[in-house]
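Have a look at the structure below before the remarks.
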Amino acid sequence: RLNRSKRNSDPPSGVLWSCMEGMSTDWVRAASMASRILDPGYSLKKFNDDLVCFPELNLYLFDERRTLNVSKVSSGNAVSSGRTIGDEFQRTVGAFFAIYWMMRLDLDGKDGFANGVGEDWRPITNLTDDDTRVSQPAKRRKFHQD
């Protein structure tokens, strides 16, 4: 039997709770993302712009003074993983991008996942083994083919 005392109903972190106060996920926009992910016209740039529907991503943007005790911030903005807050933000957005590309494997997902995108946010295509647009083009071509 669960103990439903007030102690168990408290938020896990008061500071985190206060940072998120008044914010909520924009579920209409999130649903739109999900319904459009296979639309050839729904670019990675548009997907990235739509990530604002998840207000939790803003937590990565707090500076060290405002996040003390939220995520064990120490000097250099390192979080409990030992990485910087910026690194964790990039890893999180990268995970969202991986979802985007995996869902679109039959469209442009293989190119985007294997090769990344150019400055125009479009997947890099038609690599040659000596292509200078990416690092290790021969390995990327092999990965794309397999």
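Labeling convention for the structure tokens: chains A, B, ... as they appear, residues from 1 per chain, ligands from 1 in order of appearance.
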Mind checking which residues fall within 8 Å of region 118-132 of chain A, counting only C-alpha atoms, ignoring those fewer than 6 positions away in the same chain, and posting them as number ranges by chain? A: 43-45, 108, 111-112, 138, 141
Sorted by chain and rising residue number, which residues of region 6-37 of chain A lie within 10 Å of region 90-101 of chain A, and what are their closest atom pairs and distances in Å to one decimal, counting only C-alpha atoms, as JSON lines?
```
{"residue": "A:Met33", "atom": "CA", "partner": "A:Tyr100", "partner_atom": "CA", "distance": 9.7}
{"residue": "A:Ala34", "atom": "CA", "partner": "A:Tyr100", "partner_atom": "CA", "distance": 9.5}
{"residue": "A:Ile37", "atom": "CA", "partner": "A:Tyr100", "partner_atom": "CA", "distance": 6.9}
```
Just the selected residues (N, CA, C and O atoms), exported as a PDB file, in the first residue's frame, please.
```pdb
ATOM      1  N   MET A  33       3.703  18.370 -35.024  1.00  0.00           N
ATOM      2  CA  MET A  33       5.014  17.819 -35.364  1.00  0.00           C
ATOM      3  C   MET A  33       4.875  16.347 -35.746  1.00  0.00           C
ATOM      4  O   MET A  33       5.428  15.903 -36.756  1.00  0.00           O
ATOM      5  N   ALA A  34       4.161  15.614 -34.912  1.00  0.00           N
ATOM      6  CA  ALA A  34       3.999  14.179 -35.143  1.00  0.00           C
ATOM      7  C   ALA A  34       3.261  13.902 -36.442  1.00  0.00           C
ATOM      8  O   ALA A  34       3.623  12.991 -37.190  1.00  0.00           O
ATOM      9  N   ILE A  37       5.664  14.848 -39.594  1.00  0.00           N
ATOM     10  CA  ILE A  37       7.037  14.359 -39.678  1.00  0.00           C
ATOM     11  C   ILE A  37       7.332  13.601 -40.979  1.00  0.00           C
ATOM     12  O   ILE A  37       8.459  13.587 -41.450  1.00  0.00           O
TER      13      ILE A  37
END
```
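DSSP, applied to the backbone of this structure, assigns alpha helix (DSSP H) to the following residues of region 80-121 of chain A: Ile85, Gly86, Asp87, Glu88, Phe89, Gln90, Arg91, Thr92, Val93, Gly94, Ala95, Phe96, Phe97, Ala98, Ile99, Tyr100, Trp101, Met102, Met103, Lys110, Asp111, Gly112, Phe113, Ala114 and Asn115 of chain A.
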Within 7 Å of Ala114 (chain A), counting only C-alpha atoms, which residues show up once you throw out same-chain ones fewer than 4 positions away? Write them as a ChimeraX atom specification, please. /A:110,140,143-144
Have a look at A:Leu61, A:Cys19, A:Val134, A:Cys53 and name the one nearest to Phe89 (chain A); count only C-alpha atoms. A:Leu61
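Taking CA of Pro40 (chain A) as the reference point, CA of Val52 (chain A) is found at 21.1 Å.
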Quick one, how far is CA of Met102 (chain A) from CA of Gly82 (chain A)? 28.4 Å
I'd like the neighbourhood of region 23-30 of chain A as a PyMOL selection string, where a residue qualifies if any of its atoms comes within 12 Å (using only C-alpha atoms), though same-chain residues fewer than 6 positions away should be ignored. chain A and resi 16-17+36-37+46-59
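A straight line drawn from CA of Gln145 (chain A) to CA of Asp39 (chain A) is 23.5 Å long.
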